[in-house]
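Raw contents of run.txt, compact mmCIF, N, CA and C atoms:
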```txt
# COMPACT_ATOMS: atom_id res chain seq x y z
N MET A 1 105.57 113.44 79.35
CA MET A 1 105.00 112.68 80.44
C MET A 1 103.49 112.61 80.21
N THR A 2 102.98 111.43 80.35
CA THR A 2 101.55 111.24 80.12
C THR A 2 100.79 111.51 81.42
N ALA A 3 99.51 111.72 81.30
CA ALA A 3 98.66 112.01 82.46
C ALA A 3 98.61 110.80 83.40
N ALA A 4 98.60 109.61 82.86
CA ALA A 4 98.55 108.39 83.68
C ALA A 4 99.82 108.26 84.51
N LEU A 5 100.98 108.56 83.90
CA LEU A 5 102.25 108.46 84.59
C LEU A 5 102.34 109.50 85.72
N ALA A 6 101.88 110.73 85.42
CA ALA A 6 101.90 111.79 86.44
C ALA A 6 100.99 111.42 87.60
N GLN A 7 99.83 110.87 87.28
CA GLN A 7 98.89 110.48 88.33
C GLN A 7 99.47 109.35 89.18
N ARG A 8 100.16 108.43 88.55
CA ARG A 8 100.77 107.31 89.27
C ARG A 8 101.89 107.81 90.19
N GLN A 9 102.74 108.72 89.71
CA GLN A 9 103.81 109.28 90.52
C GLN A 9 103.26 110.08 91.70
N LEU A 10 102.19 110.82 91.47
CA LEU A 10 101.56 111.58 92.54
C LEU A 10 100.99 110.63 93.60
N GLY A 11 100.39 109.54 93.21
CA GLY A 11 99.86 108.55 94.15
C GLY A 11 100.96 107.89 94.96
N LEU A 12 102.06 107.51 94.29
CA LEU A 12 103.20 106.91 95.00
C LEU A 12 103.83 107.90 95.99
N GLY A 13 103.90 109.16 95.60
CA GLY A 13 104.44 110.19 96.49
C GLY A 13 103.56 110.35 97.73
N ALA A 14 102.24 110.32 97.53
CA ALA A 14 101.31 110.44 98.66
C ALA A 14 101.45 109.25 99.60
N VAL A 15 101.58 108.04 99.06
CA VAL A 15 101.75 106.85 99.89
C VAL A 15 103.07 106.93 100.66
N ALA A 16 104.14 107.39 100.01
CA ALA A 16 105.44 107.52 100.69
C ALA A 16 105.36 108.54 101.81
N LEU A 17 104.69 109.66 101.58
CA LEU A 17 104.53 110.69 102.60
C LEU A 17 103.73 110.16 103.79
N LEU A 18 102.66 109.44 103.51
CA LEU A 18 101.84 108.85 104.56
C LEU A 18 102.65 107.84 105.38
N GLY A 19 103.46 107.02 104.71
CA GLY A 19 104.30 106.04 105.42
C GLY A 19 105.33 106.72 106.30
N ALA A 20 105.94 107.81 105.81
CA ALA A 20 106.94 108.53 106.61
C ALA A 20 106.28 109.15 107.85
N MET A 21 105.09 109.71 107.69
CA MET A 21 104.39 110.32 108.82
C MET A 21 104.02 109.25 109.86
N LEU A 22 103.59 108.09 109.39
CA LEU A 22 103.24 107.00 110.29
C LEU A 22 104.47 106.50 111.05
N ALA A 23 105.60 106.37 110.36
CA ALA A 23 106.84 105.91 111.00
C ALA A 23 107.29 106.91 112.06
N LEU A 24 107.18 108.20 111.79
CA LEU A 24 107.55 109.22 112.77
C LEU A 24 106.63 109.17 113.99
N ALA A 25 105.35 108.98 113.76
CA ALA A 25 104.40 108.92 114.87
C ALA A 25 104.67 107.71 115.75
N VAL A 26 104.91 106.56 115.16
CA VAL A 26 105.20 105.35 115.93
C VAL A 26 106.53 105.49 116.66
N GLY A 27 107.54 106.01 115.98
CA GLY A 27 108.85 106.19 116.61
C GLY A 27 108.79 107.14 117.79
N HIS A 28 108.01 108.20 117.67
CA HIS A 28 107.87 109.15 118.78
C HIS A 28 107.18 108.48 119.97
N ARG A 29 106.22 107.67 119.70
CA ARG A 29 105.48 107.00 120.77
C ARG A 29 106.35 105.95 121.47
N VAL A 30 107.17 105.23 120.72
CA VAL A 30 108.02 104.18 121.29
C VAL A 30 109.12 104.80 122.15
N ARG A 31 109.73 105.90 121.73
CA ARG A 31 110.83 106.51 122.46
C ARG A 31 110.37 107.43 123.58
N ARG A 32 109.13 107.59 123.75
CA ARG A 32 108.61 108.50 124.76
C ARG A 32 108.91 107.95 126.15
N GLU A 33 109.48 108.79 127.01
CA GLU A 33 109.80 108.39 128.37
C GLU A 33 108.60 108.67 129.26
N PRO A 34 108.46 107.90 130.34
CA PRO A 34 107.34 108.14 131.24
C PRO A 34 107.48 109.49 131.92
N PRO A 35 106.38 110.11 132.28
CA PRO A 35 106.46 111.39 132.98
C PRO A 35 107.20 111.24 134.30
N ALA A 36 107.83 112.29 134.72
CA ALA A 36 108.64 112.25 135.95
C ALA A 36 107.81 111.88 137.16
N THR A 37 106.53 112.13 137.15
CA THR A 37 105.70 111.83 138.32
C THR A 37 105.53 110.33 138.55
N THR A 38 105.80 109.49 137.53
CA THR A 38 105.65 108.04 137.73
C THR A 38 106.90 107.41 138.32
N ILE A 39 108.02 108.12 138.32
CA ILE A 39 109.26 107.58 138.87
C ILE A 39 109.28 107.89 140.36
N GLN A 40 109.42 106.87 141.18
CA GLN A 40 109.39 107.06 142.61
C GLN A 40 110.65 106.49 143.24
N ALA A 41 111.08 107.13 144.28
CA ALA A 41 112.23 106.62 145.04
C ALA A 41 111.80 105.37 145.79
N PRO A 42 112.68 104.36 145.90
CA PRO A 42 112.30 103.16 146.63
C PRO A 42 112.08 103.48 148.11
N VAL A 43 111.07 102.88 148.67
CA VAL A 43 110.78 103.05 150.09
C VAL A 43 110.65 101.67 150.72
N ALA A 44 110.81 101.61 152.00
CA ALA A 44 110.65 100.34 152.69
C ALA A 44 109.18 99.94 152.65
N PRO A 45 108.89 98.73 152.25
CA PRO A 45 107.49 98.30 152.16
C PRO A 45 106.90 98.07 153.55
N PRO A 46 105.58 98.00 153.62
CA PRO A 46 104.95 97.69 154.90
C PRO A 46 105.40 96.31 155.40
N VAL A 47 105.28 96.10 156.69
CA VAL A 47 105.73 94.85 157.29
C VAL A 47 105.05 93.64 156.66
N SER A 48 103.83 93.79 156.16
CA SER A 48 103.12 92.66 155.57
C SER A 48 103.81 92.14 154.31
N GLN A 49 104.69 92.93 153.70
CA GLN A 49 105.37 92.49 152.49
C GLN A 49 106.76 91.91 152.77
N TRP A 50 107.15 91.85 153.99
CA TRP A 50 108.42 91.25 154.35
C TRP A 50 108.29 89.74 154.30
N THR A 51 109.36 89.07 153.90
CA THR A 51 109.38 87.62 153.84
C THR A 51 110.35 87.09 154.89
N PRO A 52 109.90 86.19 155.76
CA PRO A 52 110.82 85.62 156.74
C PRO A 52 111.72 84.57 156.07
N ALA A 53 112.93 84.47 156.56
CA ALA A 53 113.88 83.48 156.03
C ALA A 53 114.93 83.18 157.09
N LEU A 54 115.58 82.06 156.92
CA LEU A 54 116.66 81.68 157.81
C LEU A 54 117.97 82.14 157.19
N ALA A 55 118.82 82.73 158.00
CA ALA A 55 120.11 83.23 157.50
C ALA A 55 121.23 82.72 158.39
N THR A 56 122.40 82.69 157.82
CA THR A 56 123.60 82.29 158.55
C THR A 56 124.76 83.17 158.08
N VAL A 57 125.83 83.15 158.82
CA VAL A 57 127.03 83.89 158.42
C VAL A 57 127.90 82.96 157.61
N ARG A 58 128.31 83.42 156.45
CA ARG A 58 129.15 82.60 155.59
C ARG A 58 130.58 82.54 156.14
N PRO A 59 131.31 81.50 155.81
CA PRO A 59 132.70 81.44 156.24
C PRO A 59 133.52 82.53 155.55
N GLU A 60 134.76 82.61 155.90
CA GLU A 60 135.62 83.63 155.27
C GLU A 60 135.43 83.61 153.76
N PRO A 61 135.36 84.76 153.15
CA PRO A 61 135.05 84.83 151.72
C PRO A 61 136.14 84.23 150.85
N ARG A 62 135.67 83.68 149.72
CA ARG A 62 136.59 83.20 148.70
C ARG A 62 137.12 84.42 147.94
N THR A 63 138.02 84.20 147.02
CA THR A 63 138.54 85.30 146.22
C THR A 63 137.46 85.86 145.30
N ARG A 64 136.78 85.00 144.56
CA ARG A 64 135.71 85.40 143.65
C ARG A 64 134.44 84.63 143.98
N SER A 65 133.31 85.32 143.87
CA SER A 65 132.04 84.65 144.11
C SER A 65 131.52 84.05 142.81
N ALA A 66 130.47 83.26 142.91
CA ALA A 66 129.85 82.69 141.71
C ALA A 66 129.22 83.77 140.84
N CYS A 67 128.96 84.94 141.43
CA CYS A 67 128.40 86.08 140.68
C CYS A 67 129.49 86.93 140.06
N GLY A 68 130.74 86.62 140.34
CA GLY A 68 131.84 87.38 139.76
C GLY A 68 132.38 88.50 140.63
N TRP A 69 131.84 88.67 141.83
CA TRP A 69 132.33 89.73 142.72
C TRP A 69 133.63 89.29 143.38
N LEU A 70 134.51 90.24 143.61
CA LEU A 70 135.70 90.01 144.40
C LEU A 70 135.30 90.19 145.85
N LEU A 71 135.27 89.11 146.61
CA LEU A 71 134.82 89.16 148.00
C LEU A 71 136.01 89.38 148.93
N ARG A 72 135.87 90.42 149.76
CA ARG A 72 136.91 90.73 150.75
C ARG A 72 136.26 90.74 152.12
N LYS A 73 137.05 90.98 153.15
CA LYS A 73 136.51 91.00 154.51
C LYS A 73 135.51 92.12 154.73
N ASP A 74 135.59 93.20 153.95
CA ASP A 74 134.69 94.34 154.14
C ASP A 74 133.51 94.34 153.15
N THR A 75 133.31 93.26 152.40
CA THR A 75 132.21 93.18 151.43
C THR A 75 130.87 93.02 152.13
N PHE A 76 129.92 93.91 151.80
CA PHE A 76 128.55 93.79 152.28
C PHE A 76 127.76 93.06 151.21
N GLY A 77 127.11 91.97 151.56
CA GLY A 77 126.30 91.25 150.58
C GLY A 77 125.79 89.95 151.15
N VAL A 78 124.97 89.27 150.34
CA VAL A 78 124.41 87.98 150.75
C VAL A 78 124.58 86.98 149.62
N GLY A 79 124.59 85.73 150.00
CA GLY A 79 124.53 84.64 149.04
C GLY A 79 123.13 84.06 149.09
N HIS A 80 122.60 83.70 147.94
CA HIS A 80 121.26 83.10 147.87
C HIS A 80 121.25 82.12 146.71
N PRO A 81 120.55 80.97 146.83
CA PRO A 81 120.59 79.98 145.77
C PRO A 81 119.78 80.33 144.52
N VAL A 82 118.79 81.24 144.63
CA VAL A 82 117.89 81.48 143.51
C VAL A 82 117.85 82.95 143.05
N LEU A 83 117.91 83.89 143.97
CA LEU A 83 117.80 85.30 143.59
C LEU A 83 118.91 85.68 142.62
N PRO A 84 118.62 86.56 141.66
CA PRO A 84 119.63 86.91 140.66
C PRO A 84 120.78 87.72 141.26
N CYS A 85 121.96 87.51 140.72
CA CYS A 85 123.12 88.28 141.15
C CYS A 85 122.82 89.77 140.96
N GLY A 86 123.16 90.56 141.97
CA GLY A 86 122.93 92.00 141.90
C GLY A 86 121.57 92.45 142.39
N ALA A 87 120.67 91.50 142.70
CA ALA A 87 119.34 91.88 143.20
C ALA A 87 119.52 92.65 144.51
N ARG A 88 118.93 93.83 144.57
CA ARG A 88 119.03 94.64 145.78
C ARG A 88 117.92 94.26 146.73
N ILE A 89 118.30 93.95 147.96
CA ILE A 89 117.31 93.54 148.96
C ILE A 89 117.53 94.33 150.24
N LEU A 90 116.46 94.44 150.99
CA LEU A 90 116.50 95.10 152.29
C LEU A 90 116.35 94.00 153.34
N LEU A 91 117.30 93.93 154.25
CA LEU A 91 117.26 92.93 155.33
C LEU A 91 116.86 93.61 156.63
N ALA A 92 116.07 92.92 157.43
CA ALA A 92 115.70 93.42 158.75
C ALA A 92 116.04 92.37 159.79
N PHE A 93 116.72 92.81 160.86
CA PHE A 93 117.10 91.92 161.94
C PHE A 93 117.14 92.72 163.23
N ARG A 94 116.31 92.34 164.19
CA ARG A 94 116.27 92.97 165.51
C ARG A 94 116.25 94.51 165.45
N GLY A 95 115.34 95.03 164.64
CA GLY A 95 115.16 96.48 164.57
C GLY A 95 116.12 97.21 163.64
N ARG A 96 117.08 96.52 163.09
CA ARG A 96 118.01 97.14 162.15
C ARG A 96 117.64 96.75 160.73
N ARG A 97 117.78 97.70 159.82
CA ARG A 97 117.52 97.45 158.40
C ARG A 97 118.74 97.87 157.60
N ILE A 98 119.16 97.00 156.70
CA ILE A 98 120.32 97.30 155.86
C ILE A 98 120.00 96.94 154.42
N LEU A 99 120.31 97.88 153.52
CA LEU A 99 120.18 97.65 152.09
C LEU A 99 121.44 96.95 151.60
N THR A 100 121.27 95.85 150.91
CA THR A 100 122.42 95.09 150.41
C THR A 100 122.06 94.46 149.08
N GLN A 101 122.91 93.58 148.58
CA GLN A 101 122.61 92.92 147.30
C GLN A 101 123.16 91.50 147.30
N VAL A 102 122.63 90.71 146.35
CA VAL A 102 123.08 89.33 146.19
C VAL A 102 124.43 89.35 145.49
N VAL A 103 125.45 88.79 146.16
CA VAL A 103 126.80 88.79 145.60
C VAL A 103 127.33 87.38 145.33
N ASP A 104 126.56 86.36 145.71
CA ASP A 104 127.06 84.99 145.54
C ASP A 104 125.90 84.00 145.51
N ARG A 105 126.18 82.80 145.07
CA ARG A 105 125.24 81.68 145.13
C ARG A 105 125.63 80.82 146.32
N VAL A 106 124.63 80.23 146.97
CA VAL A 106 124.93 79.34 148.09
C VAL A 106 124.24 78.01 147.87
N THR A 107 124.83 76.97 148.39
CA THR A 107 124.22 75.64 148.32
C THR A 107 124.58 74.88 149.57
N GLY A 108 123.63 74.17 150.11
CA GLY A 108 123.92 73.23 151.18
C GLY A 108 124.08 73.76 152.58
N SER A 109 123.90 75.05 152.82
CA SER A 109 124.08 75.55 154.19
C SER A 109 122.83 75.33 155.04
N GLY A 110 121.69 75.06 154.40
CA GLY A 110 120.44 74.90 155.13
C GLY A 110 119.70 76.20 155.37
N ALA A 111 120.36 77.32 155.12
CA ALA A 111 119.75 78.64 155.30
C ALA A 111 119.50 79.25 153.92
N ALA A 112 118.47 80.09 153.83
CA ALA A 112 118.16 80.73 152.55
C ALA A 112 119.22 81.78 152.19
N PHE A 113 119.74 82.48 153.19
CA PHE A 113 120.74 83.53 152.96
C PHE A 113 122.02 83.23 153.71
N GLU A 114 123.13 83.55 153.10
CA GLU A 114 124.42 83.55 153.78
C GLU A 114 124.92 84.98 153.77
N LEU A 115 125.07 85.58 154.94
CA LEU A 115 125.53 86.96 155.06
C LEU A 115 127.05 87.00 155.07
N THR A 116 127.62 87.98 154.40
CA THR A 116 129.07 88.15 154.48
C THR A 116 129.40 88.57 155.91
N PRO A 117 130.62 88.27 156.37
CA PRO A 117 130.99 88.63 157.75
C PRO A 117 130.82 90.12 158.05
N ALA A 118 131.13 91.01 157.12
CA ALA A 118 130.99 92.45 157.35
C ALA A 118 129.52 92.83 157.52
N LEU A 119 128.65 92.25 156.72
CA LEU A 119 127.22 92.54 156.83
C LEU A 119 126.67 91.99 158.15
N ALA A 120 127.07 90.79 158.52
CA ALA A 120 126.62 90.19 159.78
C ALA A 120 127.04 91.06 160.96
N LYS A 121 128.26 91.57 160.93
CA LYS A 121 128.75 92.43 162.00
C LYS A 121 127.93 93.71 162.09
N ALA A 122 127.61 94.31 160.95
CA ALA A 122 126.82 95.56 160.93
C ALA A 122 125.41 95.33 161.48
N LEU A 123 124.86 94.14 161.25
CA LEU A 123 123.52 93.82 161.74
C LEU A 123 123.51 93.31 163.18
N GLY A 124 124.68 93.01 163.72
CA GLY A 124 124.75 92.39 165.05
C GLY A 124 124.26 90.96 164.99
N PHE A 125 124.55 90.28 163.91
CA PHE A 125 124.04 88.94 163.61
C PHE A 125 125.13 87.90 163.88
N ARG A 126 124.74 86.81 164.54
CA ARG A 126 125.68 85.70 164.78
C ARG A 126 124.96 84.38 164.57
N GLY A 127 125.68 83.37 164.14
CA GLY A 127 125.12 82.03 164.02
C GLY A 127 124.10 81.91 162.90
N THR A 128 123.04 81.17 163.17
CA THR A 128 121.94 80.96 162.22
C THR A 128 120.66 81.41 162.91
N GLN A 129 119.99 82.39 162.32
CA GLN A 129 118.80 82.97 162.93
C GLN A 129 117.81 83.39 161.86
N PRO A 130 116.55 83.61 162.25
CA PRO A 130 115.57 84.12 161.29
C PRO A 130 115.76 85.62 161.05
N ILE A 131 115.56 86.03 159.82
CA ILE A 131 115.58 87.43 159.43
C ILE A 131 114.32 87.70 158.62
N ARG A 132 114.12 88.94 158.22
CA ARG A 132 113.08 89.30 157.26
C ARG A 132 113.75 90.01 156.10
N TRP A 133 113.20 89.85 154.91
CA TRP A 133 113.79 90.49 153.75
C TRP A 133 112.70 90.88 152.76
N THR A 134 113.04 91.82 151.88
CA THR A 134 112.17 92.23 150.79
C THR A 134 113.03 92.81 149.68
N PHE A 135 112.49 92.80 148.46
CA PHE A 135 113.22 93.40 147.35
C PHE A 135 113.24 94.91 147.52
N ALA A 136 114.38 95.52 147.19
CA ALA A 136 114.50 96.97 147.26
C ALA A 136 114.36 97.58 145.88
N SER A 137 114.87 96.92 144.85
CA SER A 137 114.77 97.41 143.48
C SER A 137 115.26 96.35 142.52
N ALA A 138 115.28 96.73 141.26
CA ALA A 138 115.79 95.82 140.24
C ALA A 138 117.27 95.61 140.43
N PRO A 139 117.83 94.54 139.84
CA PRO A 139 119.25 94.30 139.99
C PRO A 139 120.08 95.50 139.58
N ALA A 140 121.08 95.77 140.37
CA ALA A 140 121.97 96.90 140.09
C ALA A 140 122.92 96.56 138.96
N ALA A 141 123.26 97.55 138.16
CA ALA A 141 124.25 97.35 137.08
C ALA A 141 125.63 97.35 137.69
N ARG A 142 126.49 96.48 137.18
CA ARG A 142 127.86 96.42 137.71
C ARG A 142 128.79 97.10 136.76
```
Written as C-alpha cells, how would this file's structure read?
Amino acid sequence: MTAALAQRQLGLGAVALLGAMLALAVGHRVRREPPATTIQAPVAPPVSQWTPALATVRPEPRTRSACGWLLRKDTFGVGHPVLPCGARILLAFRGRRILTQVVDRVTGSGAAFELTPALAKALGFRGTQPIRWTFASAPAAR
C-alpha cells in the first residue's frame, strides 16, 4: 500500500465518520418530542373567542352521514358545510356547554350548524336559534 493510497483512505474514513455524526445529530433533533410542559389540556376559551352562529335541529338521522358516521337517535354531533369531519367543537346555549364534533355536512338549511336530535335534547334546544361555538381541539381520530 502506498502512502498516497493510505492517506486517501484515511480522508474518506474521516468524511464518512463526519457524515454519520451529522446524520445522527439531525435525526435526534427531528425525532425530539416537545417537553411535557408545553402540552396543555384543552380549556374553554374566554367569551371573546366564541363565535356566534345560527343552529337548527336536523331531521331524523340518515343511516350514514357524509363524513362516514353511522347516525342513530343517540348520536351527539353537528353538521356543518365547511368545518372538517371530526373537528371537535364546544357549543354554548343558554348557559349550557357541550363538547361535540362535526359528524356530517349540511347544505341548504339556512343555519350554520345542524344539531343531531340527541344533542339538541341535551342542550334544551328547539327550532332554529343562535348559539355560540369555538374549536376545542384538532380533529379526532376515528
- Item | Exercise: Leu123 of chain A partners within 8 Å, only C-alpha atoms, chain neighbours under 2 positions left out, as JSON, numbers by chain | {"A": [93, 96, 97, 98, 119, 120, 121, 125]}
- Item | Protein and nucleic acid residues near (113.3, 92.0, 156.1) (cut-off 5 Å, only N, CA and C atoms) as a list of chain:residue names |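 Residues lying no farther than 5 Å from the given point: A:Leu90, A:Leu91, A:Ala92, A:Arg132, A:Trp133, A:Thr134.
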- So which one's closest to Leu99 of chain A, A:Gly19, A:Gly77, A:Gly127, A:Pro84? Using only N, CA and C atoms, please.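 Closest to Leu99 of chain A, using only N, CA and C atoms: A:Gly77.
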- Gap from atom N of Trp69 of chain A to atom CA of Ala87 of chain A - Å, one decimal: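 One can read the atom N of Trp69 of chain A to atom CA of Ala87 of chain A distance as 13.0 Å.
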- Task: Fewer than 5 positions away in the same chain doesn't count, so skip those; otherwise give me all residues within 8 Å of Gly79 of chain A, counting all atoms listed in the file, as a list of chain:residue names.
- Result: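 In the requested form, the answer reads A:Arg58, A:Gln101, A:Val102, A:Val103, A:Asp104, A:Arg105, A:Val106, A:Thr107, A:Ala111, A:Ala112, A:Phe113, A:Glu114, A:Leu115, A:Thr116.
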